[in-house]
Every structure is written in C-alpha cells, then in structure tokens.
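This is target_9.txt (compact mmCIF, N, CA and C atoms).
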# COMPACT_ATOMS: atom_id res chain seq x y z
N MET G 20 32.23 24.55 11.16
CA MET G 20 31.77 24.71 9.81
C MET G 20 32.77 24.09 8.86
N MET G 21 32.25 23.33 7.91
CA MET G 21 33.12 22.67 6.95
C MET G 21 33.15 23.46 5.66
N ILE G 22 34.31 23.57 5.08
CA ILE G 22 34.46 24.23 3.79
C ILE G 22 34.70 23.15 2.75
N ILE G 23 33.82 23.12 1.76
CA ILE G 23 33.96 22.13 0.70
C ILE G 23 34.59 22.83 -0.49
N THR G 24 35.70 22.29 -0.92
CA THR G 24 36.36 22.87 -2.08
C THR G 24 35.99 22.07 -3.31
N LYS G 25 35.60 22.77 -4.34
CA LYS G 25 35.24 22.09 -5.58
C LYS G 25 36.49 21.63 -6.31
N MET G 26 36.46 20.41 -6.72
CA MET G 26 37.54 19.88 -7.53
C MET G 26 37.17 20.11 -8.99
N LYS G 27 38.11 20.52 -9.77
CA LYS G 27 37.84 20.74 -11.18
C LYS G 27 37.61 19.40 -11.87
N PRO G 28 36.56 19.33 -12.70
CA PRO G 28 36.32 18.09 -13.42
C PRO G 28 37.54 17.73 -14.27
N SER G 29 37.85 16.48 -14.27
CA SER G 29 39.03 16.02 -14.98
C SER G 29 38.67 14.80 -15.81
N ALA G 30 39.34 14.67 -16.91
CA ALA G 30 39.13 13.49 -17.75
C ALA G 30 39.54 12.23 -17.00
N SER G 31 40.42 12.36 -16.01
CA SER G 31 40.89 11.19 -15.27
C SER G 31 39.98 10.85 -14.08
N LEU G 32 38.97 11.68 -13.82
CA LEU G 32 38.05 11.42 -12.72
C LEU G 32 37.10 10.29 -13.13
N PRO G 33 37.05 9.20 -12.37
CA PRO G 33 36.25 8.04 -12.78
C PRO G 33 34.75 8.21 -12.50
N LEU G 34 34.11 9.05 -13.29
CA LEU G 34 32.67 9.30 -13.10
C LEU G 34 31.84 8.05 -13.32
N ASP G 35 32.39 7.10 -14.08
CA ASP G 35 31.68 5.84 -14.29
C ASP G 35 31.48 5.10 -12.98
N LEU G 36 32.41 5.23 -12.04
CA LEU G 36 32.25 4.59 -10.73
C LEU G 36 31.07 5.20 -9.97
N LEU G 37 30.95 6.51 -10.04
CA LEU G 37 29.86 7.20 -9.37
C LEU G 37 28.52 6.82 -10.01
N SER G 38 28.49 6.77 -11.33
CA SER G 38 27.27 6.36 -12.04
C SER G 38 26.91 4.91 -11.72
N THR G 39 27.90 4.05 -11.68
CA THR G 39 27.67 2.64 -11.36
C THR G 39 27.14 2.51 -9.93
N PHE G 40 27.70 3.29 -9.01
CA PHE G 40 27.23 3.29 -7.63
C PHE G 40 25.74 3.65 -7.56
N VAL G 41 25.36 4.73 -8.23
CA VAL G 41 23.96 5.19 -8.21
C VAL G 41 23.06 4.14 -8.86
N ASP G 42 23.46 3.63 -10.03
CA ASP G 42 22.66 2.62 -10.72
C ASP G 42 22.49 1.37 -9.87
N TYR G 43 23.57 0.94 -9.24
CA TYR G 43 23.52 -0.26 -8.40
C TYR G 43 22.54 -0.07 -7.26
N CYS G 44 22.68 1.04 -6.52
CA CYS G 44 21.80 1.28 -5.38
C CYS G 44 20.35 1.42 -5.81
N ASN G 45 20.12 2.11 -6.91
CA ASN G 45 18.75 2.31 -7.38
C ASN G 45 18.12 1.03 -7.93
N SER G 46 18.94 0.04 -8.27
CA SER G 46 18.39 -1.20 -8.83
C SER G 46 18.12 -2.27 -7.78
N ILE G 47 18.51 -2.03 -6.55
CA ILE G 47 18.27 -3.02 -5.49
C ILE G 47 16.77 -3.11 -5.25
N THR G 48 16.23 -4.32 -5.33
CA THR G 48 14.79 -4.49 -5.15
C THR G 48 14.42 -4.91 -3.74
N ASP G 49 15.36 -5.49 -3.01
CA ASP G 49 15.08 -5.84 -1.62
C ASP G 49 14.99 -4.57 -0.79
N SER G 50 14.26 -4.65 0.29
CA SER G 50 14.17 -3.52 1.20
C SER G 50 15.57 -3.24 1.74
N THR G 51 16.02 -2.02 1.55
CA THR G 51 17.41 -1.65 1.83
C THR G 51 17.47 -0.45 2.74
N VAL G 52 18.47 -0.42 3.60
CA VAL G 52 18.75 0.78 4.38
C VAL G 52 20.20 1.17 4.10
N ILE G 53 20.37 2.45 3.82
CA ILE G 53 21.71 3.00 3.66
C ILE G 53 21.95 3.89 4.88
N VAL G 54 23.01 3.62 5.60
CA VAL G 54 23.32 4.38 6.81
C VAL G 54 24.42 5.38 6.49
N VAL G 55 24.15 6.65 6.77
CA VAL G 55 25.13 7.72 6.59
C VAL G 55 25.27 8.45 7.92
N GLU G 56 26.20 9.39 7.98
CA GLU G 56 26.43 10.08 9.24
C GLU G 56 25.42 11.20 9.50
N GLY G 57 25.04 11.96 8.49
CA GLY G 57 24.17 13.10 8.74
C GLY G 57 23.27 13.44 7.57
N ASN G 58 22.42 14.44 7.78
CA ASN G 58 21.45 14.84 6.77
C ASN G 58 22.09 15.40 5.50
N ARG G 59 23.25 16.04 5.63
CA ARG G 59 23.92 16.55 4.43
C ARG G 59 24.39 15.40 3.53
N ASP G 60 24.70 14.28 4.14
CA ASP G 60 25.07 13.09 3.36
C ASP G 60 23.86 12.60 2.56
N ILE G 61 22.70 12.61 3.19
CA ILE G 61 21.47 12.21 2.49
C ILE G 61 21.22 13.14 1.31
N GLU G 62 21.33 14.44 1.55
CA GLU G 62 21.14 15.42 0.48
C GLU G 62 22.11 15.17 -0.67
N ALA G 63 23.36 14.90 -0.34
CA ALA G 63 24.38 14.67 -1.37
C ALA G 63 24.05 13.43 -2.21
N LEU G 64 23.64 12.36 -1.54
CA LEU G 64 23.29 11.13 -2.27
C LEU G 64 22.10 11.37 -3.20
N ARG G 65 21.12 12.08 -2.71
CA ARG G 65 19.95 12.38 -3.56
C ARG G 65 20.34 13.30 -4.71
N SER G 66 21.28 14.20 -4.48
CA SER G 66 21.68 15.14 -5.54
C SER G 66 22.36 14.45 -6.71
N ILE G 67 22.96 13.28 -6.47
CA ILE G 67 23.61 12.55 -7.56
C ILE G 67 22.68 11.51 -8.18
N GLY G 68 21.42 11.49 -7.73
CA GLY G 68 20.43 10.62 -8.35
C GLY G 68 20.06 9.38 -7.59
N LEU G 69 20.57 9.22 -6.37
CA LEU G 69 20.23 8.02 -5.60
C LEU G 69 18.80 8.15 -5.10
N ASN G 70 17.98 7.18 -5.45
CA ASN G 70 16.58 7.19 -5.08
C ASN G 70 16.15 5.74 -4.89
N LEU G 71 16.22 5.26 -3.67
CA LEU G 71 15.90 3.86 -3.40
C LEU G 71 14.44 3.57 -3.73
N THR G 72 14.22 2.46 -4.43
CA THR G 72 12.85 2.08 -4.75
C THR G 72 12.20 1.38 -3.56
N SER G 73 13.00 0.75 -2.74
CA SER G 73 12.47 0.04 -1.58
C SER G 73 13.46 0.21 -0.43
N GLY G 74 13.08 0.99 0.55
CA GLY G 74 13.95 1.18 1.69
C GLY G 74 14.12 2.63 2.05
N LYS G 75 15.20 2.91 2.78
CA LYS G 75 15.40 4.28 3.22
C LYS G 75 16.87 4.58 3.45
N ILE G 76 17.14 5.87 3.56
CA ILE G 76 18.48 6.33 3.91
C ILE G 76 18.35 6.89 5.33
N LEU G 77 19.15 6.40 6.22
CA LEU G 77 19.08 6.79 7.63
C LEU G 77 20.33 7.56 8.03
N ALA G 78 20.14 8.73 8.62
CA ALA G 78 21.26 9.50 9.16
C ALA G 78 21.48 9.05 10.60
N LYS G 79 22.70 8.64 10.91
CA LYS G 79 23.03 8.16 12.24
C LYS G 79 23.13 9.28 13.26
N LYS G 80 23.38 10.49 12.79
CA LYS G 80 23.61 11.61 13.70
C LYS G 80 22.48 11.74 14.72
N GLY G 81 22.87 11.83 15.97
CA GLY G 81 21.90 11.98 17.05
C GLY G 81 21.39 10.65 17.60
N LEU G 82 21.74 9.56 16.97
CA LEU G 82 21.33 8.24 17.44
C LEU G 82 22.52 7.53 18.08
N SER G 83 22.25 6.81 19.14
CA SER G 83 23.31 6.00 19.74
C SER G 83 23.56 4.80 18.83
N LEU G 84 24.64 4.10 19.09
CA LEU G 84 24.96 2.90 18.33
C LEU G 84 23.82 1.90 18.43
N ALA G 85 23.32 1.68 19.64
CA ALA G 85 22.23 0.72 19.85
C ALA G 85 20.96 1.15 19.12
N GLN G 86 20.63 2.44 19.17
CA GLN G 86 19.44 2.94 18.47
C GLN G 86 19.57 2.74 16.96
N THR G 87 20.75 3.00 16.43
CA THR G 87 20.97 2.82 15.00
C THR G 87 20.79 1.36 14.62
N VAL G 88 21.42 0.48 15.36
CA VAL G 88 21.33 -0.95 15.07
C VAL G 88 19.88 -1.43 15.20
N ASP G 89 19.16 -0.96 16.20
CA ASP G 89 17.74 -1.33 16.36
C ASP G 89 16.94 -0.98 15.12
N GLN G 90 17.27 0.12 14.47
CA GLN G 90 16.51 0.57 13.30
C GLN G 90 16.91 -0.14 12.01
N ILE G 91 18.09 -0.71 11.95
CA ILE G 91 18.57 -1.22 10.67
C ILE G 91 18.76 -2.72 10.57
N TYR G 92 18.93 -3.43 11.67
CA TYR G 92 19.42 -4.81 11.55
C TYR G 92 18.44 -5.76 10.87
N LYS G 93 17.15 -5.46 10.84
CA LYS G 93 16.20 -6.37 10.21
C LYS G 93 15.98 -6.09 8.71
N PHE G 94 16.59 -5.03 8.19
CA PHE G 94 16.51 -4.81 6.75
C PHE G 94 17.27 -5.93 6.04
N PRO G 95 16.72 -6.47 4.95
CA PRO G 95 17.43 -7.54 4.22
C PRO G 95 18.80 -7.10 3.69
N VAL G 96 18.91 -5.83 3.30
CA VAL G 96 20.18 -5.31 2.77
C VAL G 96 20.55 -4.05 3.55
N ILE G 97 21.77 -4.03 4.05
CA ILE G 97 22.29 -2.90 4.82
C ILE G 97 23.54 -2.39 4.11
N ILE G 98 23.56 -1.09 3.82
CA ILE G 98 24.73 -0.48 3.19
C ILE G 98 25.24 0.60 4.14
N LEU G 99 26.48 0.46 4.57
CA LEU G 99 27.08 1.42 5.50
C LEU G 99 27.95 2.40 4.70
N LEU G 100 27.44 3.62 4.53
CA LEU G 100 28.16 4.65 3.77
C LEU G 100 28.61 5.77 4.70
N LEU G 101 29.49 5.43 5.59
CA LEU G 101 30.02 6.43 6.51
C LEU G 101 31.26 7.05 5.88
N ASP G 102 31.59 8.24 6.33
CA ASP G 102 32.72 8.97 5.73
C ASP G 102 33.98 8.11 5.71
N PHE G 103 34.86 8.45 4.79
CA PHE G 103 36.10 7.69 4.57
C PHE G 103 37.25 8.29 5.38
N ASP G 104 36.99 8.62 6.62
CA ASP G 104 38.01 9.12 7.53
C ASP G 104 38.07 8.19 8.74
N LYS G 105 38.94 8.51 9.70
CA LYS G 105 39.09 7.63 10.87
C LYS G 105 37.81 7.49 11.67
N ALA G 106 37.09 8.60 11.85
CA ALA G 106 35.84 8.55 12.61
C ALA G 106 34.82 7.67 11.90
N GLY G 107 34.70 7.83 10.59
CA GLY G 107 33.77 7.02 9.81
C GLY G 107 34.12 5.54 9.86
N ALA G 108 35.41 5.25 9.79
CA ALA G 108 35.86 3.85 9.86
C ALA G 108 35.55 3.25 11.23
N ARG G 109 35.74 4.04 12.26
CA ARG G 109 35.46 3.57 13.63
C ARG G 109 33.97 3.27 13.79
N ILE G 110 33.13 4.18 13.34
CA ILE G 110 31.68 3.99 13.45
C ILE G 110 31.24 2.78 12.62
N ARG G 111 31.75 2.68 11.41
CA ARG G 111 31.40 1.55 10.54
C ARG G 111 31.77 0.23 11.18
N GLY G 112 32.98 0.17 11.76
CA GLY G 112 33.43 -1.05 12.43
C GLY G 112 32.53 -1.44 13.59
N LYS G 113 32.16 -0.47 14.40
CA LYS G 113 31.29 -0.74 15.54
C LYS G 113 29.90 -1.18 15.09
N LEU G 114 29.37 -0.50 14.07
CA LEU G 114 28.05 -0.89 13.56
C LEU G 114 28.06 -2.32 13.01
N LYS G 115 29.07 -2.64 12.21
CA LYS G 115 29.17 -3.99 11.66
C LYS G 115 29.21 -5.03 12.77
N GLN G 116 30.01 -4.75 13.78
CA GLN G 116 30.17 -5.67 14.90
C GLN G 116 28.83 -5.87 15.63
N GLU G 117 28.12 -4.80 15.89
CA GLU G 117 26.84 -4.88 16.61
C GLU G 117 25.75 -5.54 15.76
N ILE G 118 25.73 -5.24 14.47
CA ILE G 118 24.74 -5.85 13.58
C ILE G 118 24.94 -7.36 13.55
N GLN G 119 26.19 -7.79 13.44
CA GLN G 119 26.49 -9.21 13.30
C GLN G 119 26.24 -9.99 14.58
N LYS G 120 26.10 -9.31 15.71
CA LYS G 120 25.78 -9.97 16.97
C LYS G 120 24.31 -10.36 17.05
N ARG G 121 23.48 -9.74 16.24
CA ARG G 121 22.03 -9.95 16.31
C ARG G 121 21.59 -11.06 15.38
N LYS G 122 20.70 -11.90 15.89
CA LYS G 122 20.13 -12.96 15.06
C LYS G 122 19.21 -12.33 14.03
N GLY G 123 19.22 -12.87 12.85
CA GLY G 123 18.31 -12.41 11.81
C GLY G 123 18.73 -11.10 11.16
N HIS G 124 20.01 -10.75 11.32
CA HIS G 124 20.45 -9.49 10.71
C HIS G 124 20.53 -9.62 9.20
N GLY G 125 20.41 -8.47 8.52
CA GLY G 125 20.47 -8.44 7.07
C GLY G 125 21.89 -8.56 6.55
N LEU G 126 21.97 -8.67 5.24
CA LEU G 126 23.25 -8.72 4.54
C LEU G 126 23.88 -7.34 4.52
N ILE G 127 25.11 -7.24 4.93
CA ILE G 127 25.84 -5.98 4.82
C ILE G 127 26.50 -5.98 3.45
N ASP G 128 25.98 -5.17 2.57
CA ASP G 128 26.45 -5.10 1.19
C ASP G 128 27.57 -4.07 1.11
N SER G 129 28.79 -4.51 0.87
CA SER G 129 29.93 -3.60 0.83
C SER G 129 30.28 -3.12 -0.58
N PHE G 130 29.66 -3.71 -1.60
CA PHE G 130 29.99 -3.33 -2.97
C PHE G 130 29.75 -1.85 -3.26
N PRO G 131 28.58 -1.27 -2.89
CA PRO G 131 28.39 0.16 -3.17
C PRO G 131 29.41 1.03 -2.46
N ARG G 132 29.77 0.66 -1.26
CA ARG G 132 30.77 1.43 -0.51
C ARG G 132 32.12 1.39 -1.23
N GLN G 133 32.47 0.22 -1.76
CA GLN G 133 33.75 0.09 -2.47
C GLN G 133 33.76 0.98 -3.71
N LEU G 134 32.66 1.01 -4.46
CA LEU G 134 32.58 1.87 -5.64
C LEU G 134 32.75 3.34 -5.25
N LEU G 135 32.01 3.75 -4.22
CA LEU G 135 32.07 5.15 -3.80
C LEU G 135 33.43 5.50 -3.22
N TYR G 136 34.04 4.55 -2.52
CA TYR G 136 35.37 4.78 -1.95
C TYR G 136 36.39 5.02 -3.07
N LYS G 137 36.35 4.21 -4.10
CA LYS G 137 37.29 4.38 -5.22
C LYS G 137 37.11 5.74 -5.89
N PHE G 138 35.84 6.13 -6.07
CA PHE G 138 35.59 7.44 -6.67
C PHE G 138 36.11 8.55 -5.76
N CYS G 139 35.78 8.48 -4.50
CA CYS G 139 36.18 9.54 -3.55
C CYS G 139 37.70 9.64 -3.43
N ARG G 140 38.38 8.52 -3.47
CA ARG G 140 39.86 8.55 -3.44
C ARG G 140 40.39 9.30 -4.65
N ALA G 141 39.85 8.99 -5.82
CA ALA G 141 40.30 9.65 -7.05
C ALA G 141 39.97 11.14 -7.02
N ALA G 142 38.83 11.49 -6.41
CA ALA G 142 38.41 12.89 -6.34
C ALA G 142 39.04 13.62 -5.15
N ARG G 143 39.79 12.89 -4.36
CA ARG G 143 40.45 13.43 -3.15
C ARG G 143 39.45 14.05 -2.17
N ILE G 144 38.38 13.30 -1.92
CA ILE G 144 37.42 13.72 -0.90
C ILE G 144 37.23 12.58 0.09
N ASN G 145 36.89 12.93 1.32
CA ASN G 145 36.72 11.92 2.37
C ASN G 145 35.30 11.84 2.91
N GLU G 146 34.51 12.84 2.61
CA GLU G 146 33.18 12.89 3.22
C GLU G 146 32.09 12.70 2.17
N ILE G 147 31.08 11.94 2.54
CA ILE G 147 29.98 11.64 1.63
C ILE G 147 29.33 12.93 1.12
N GLU G 148 29.16 13.90 1.99
CA GLU G 148 28.48 15.14 1.59
C GLU G 148 29.21 15.88 0.47
N GLU G 149 30.48 15.60 0.30
CA GLU G 149 31.26 16.29 -0.74
C GLU G 149 30.96 15.80 -2.16
N ILE G 150 30.30 14.66 -2.29
CA ILE G 150 30.00 14.17 -3.64
C ILE G 150 28.95 15.04 -4.34
N LYS G 151 28.26 15.85 -3.58
CA LYS G 151 27.23 16.72 -4.16
C LYS G 151 27.80 17.61 -5.27
N GLN G 152 29.06 17.98 -5.14
CA GLN G 152 29.69 18.86 -6.13
C GLN G 152 29.81 18.20 -7.51
N PHE G 153 29.60 16.90 -7.61
CA PHE G 153 29.71 16.20 -8.87
C PHE G 153 28.35 15.87 -9.50
N SER G 154 27.29 16.35 -8.88
CA SER G 154 25.95 16.01 -9.37
C SER G 154 25.71 16.49 -10.80
N ASP G 155 26.24 17.63 -11.17
CA ASP G 155 26.06 18.14 -12.54
C ASP G 155 26.77 17.28 -13.57
N LEU G 156 27.77 16.54 -13.14
CA LEU G 156 28.57 15.76 -14.08
C LEU G 156 27.98 14.38 -14.39
N ILE G 157 27.09 13.90 -13.52
CA ILE G 157 26.56 12.56 -13.78
C ILE G 157 25.07 12.53 -14.08
N LEU G 158 24.38 13.61 -13.84
CA LEU G 158 22.93 13.61 -14.09
C LEU G 158 22.61 14.01 -15.51

Show me the file's structure as structure tokens.
Amino acid sequence: MMIITKMKPSASLPLDLLSTFVDYCNSITDSTVIVVEGNRDIEALRSIGLNLTSGKILAKKGLSLAQTVDQIYKFPVIILLLDFDKAGARIRGKLKQEIQKRKGHGLIDSFPRQLLYKFCRAARINEIEEIKQFSDLIL
C-alpha cells in the first residue's frame, strides 16, 4: 500500500508546467496513446483535466512488454508517462527500444513527459498517481 503525502501548495510550485502539460496533451489532434503504469495513473491524469480528443491512455500493468508494444506502436503519437523512479526509467527505456525496432512506429513525443517531470521534481513526487493531489489547484 502506498501512502501519498500531500504537499502544501506553494507560490514556488510551478503550476504553469502542469497546466501547460494538460493543455498540450489535450490539444494533440493526431491519434495518441499515453502509456502509464497503472489505473491510478489514469485516474490522476484525468483528475487534472487530461482528456484526449483522439486516442487513449493505456495502463501497462498486467501486460508484457511485447503486449504493450503491440497495442501502441502504430499510434502516430506515443507518450510514455511512466513513473520518475528507477523502475519507471527501466520500463520506459525498454519500451522505447522495442517500439523503435518496429517498422512504421509512431513518434515518441517526449515534450509532455519533460513538462511533467519538471513539475514533479519541484513538487518532490516521483509517481504519476501523486499528481492527483494538485487537481484542485489547476482546474
């Protein structure tokens, strides 16, 4: 069981990065897949206003690497939003490697991940599901 500790809102917390992340993802018109680790990550992204107009958010949990790649590599835009810890980095690296081995793979868009990473570093959180605690501040 994970315990999520709420961080007190701070004037130095870069909420503009989180808002820019949501706006960017919501403005993508190409069919997009966002890959996260689990269903709580999906809930957290939706809680901050992420609502893809074209595409889906896929939870990797329970899927093998090959199964995940089979489901995502043909999307024109692929966003890998795995947790910002060692396990997340390992999974992201393996997914990128496997996606790039396939002909006709989509573009791996790293810009949204960079925005979210900068916000999460400032907020001292490592897991995507933890961003849910900031939903009241940006909606």

In chain G, DSSP strand (DSSP E) residues written as JSON, numbers by chain: {"G": [51, 52, 53, 54, 55, 74, 75, 76, 77, 78, 96, 97, 98, 99, 126, 127]}

Quick one: distance from atom C of Tyr136 of chain G to atom CA of Gln90 of chain G in Å, one decimal? 26.1 Å

Among chain G, which residues does DSSP mark as alpha helix (DSSP H) when it is run on the backbone? Keep the chain and numbering as in the structure and answer as a PyMOL selection string. chain G and resi 34-46+58-66+84-91+105-120+130-142+154-157

Can you tell me which residues surround Gly123 of chain G at a distance of at most 8 Å, considering all atoms listed in the file, apart from same-chain residues fewer than 3 positions away, and format the answer as an NGL selection string? :G and (92-95 or 118-120 or 126)

Using only N, CA and C atoms for the distances, tell me which of G:Lys75, G:Arg121, G:Lys80, G:Lys151 is nearest to Asn58 of chain G.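 Closest candidate: G:Lys80.
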
Which residues are close to segment 147-149 of chain G, i.e. within 6 Å by only N, CA and C atoms, leaving aside same-chain residues fewer than 3 positions away? Reply as a PyMOL selection string. chain G and resi 59-60+63+101-103+152-153

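Note that atom CA of Leu134 of chain G and atom CA of Thr39 of chain G are 7.6 Å apart.
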
Between G:Gly81, G:Pro33, G:Pro131, G:Gly74, which residue has the minimum interatomic distance to Ile53 of chain G, considering only N, CA and C atoms?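 The shortest atom-to-atom distance to Ile53 of chain G comes from G:Gly74.
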
Contacts of Leu99 of chain G at 7 Å or less, counting only N, CA and C atoms, minus same-chain residues fewer than 3 places along, as a count of residues only? 9

Write out as a VMD selection string each polymer residue whose atoms come within 8 Å of Thr87 of chain G, counting only N, CA and C atoms; drop sequence neighbours fewer than 6 positions from it. chain G and resid 78 to 79 81 114

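Pairwise distance (atom CA of Leu69 of chain G, atom CA of Lys122 of chain G) equals 29.4 Å.
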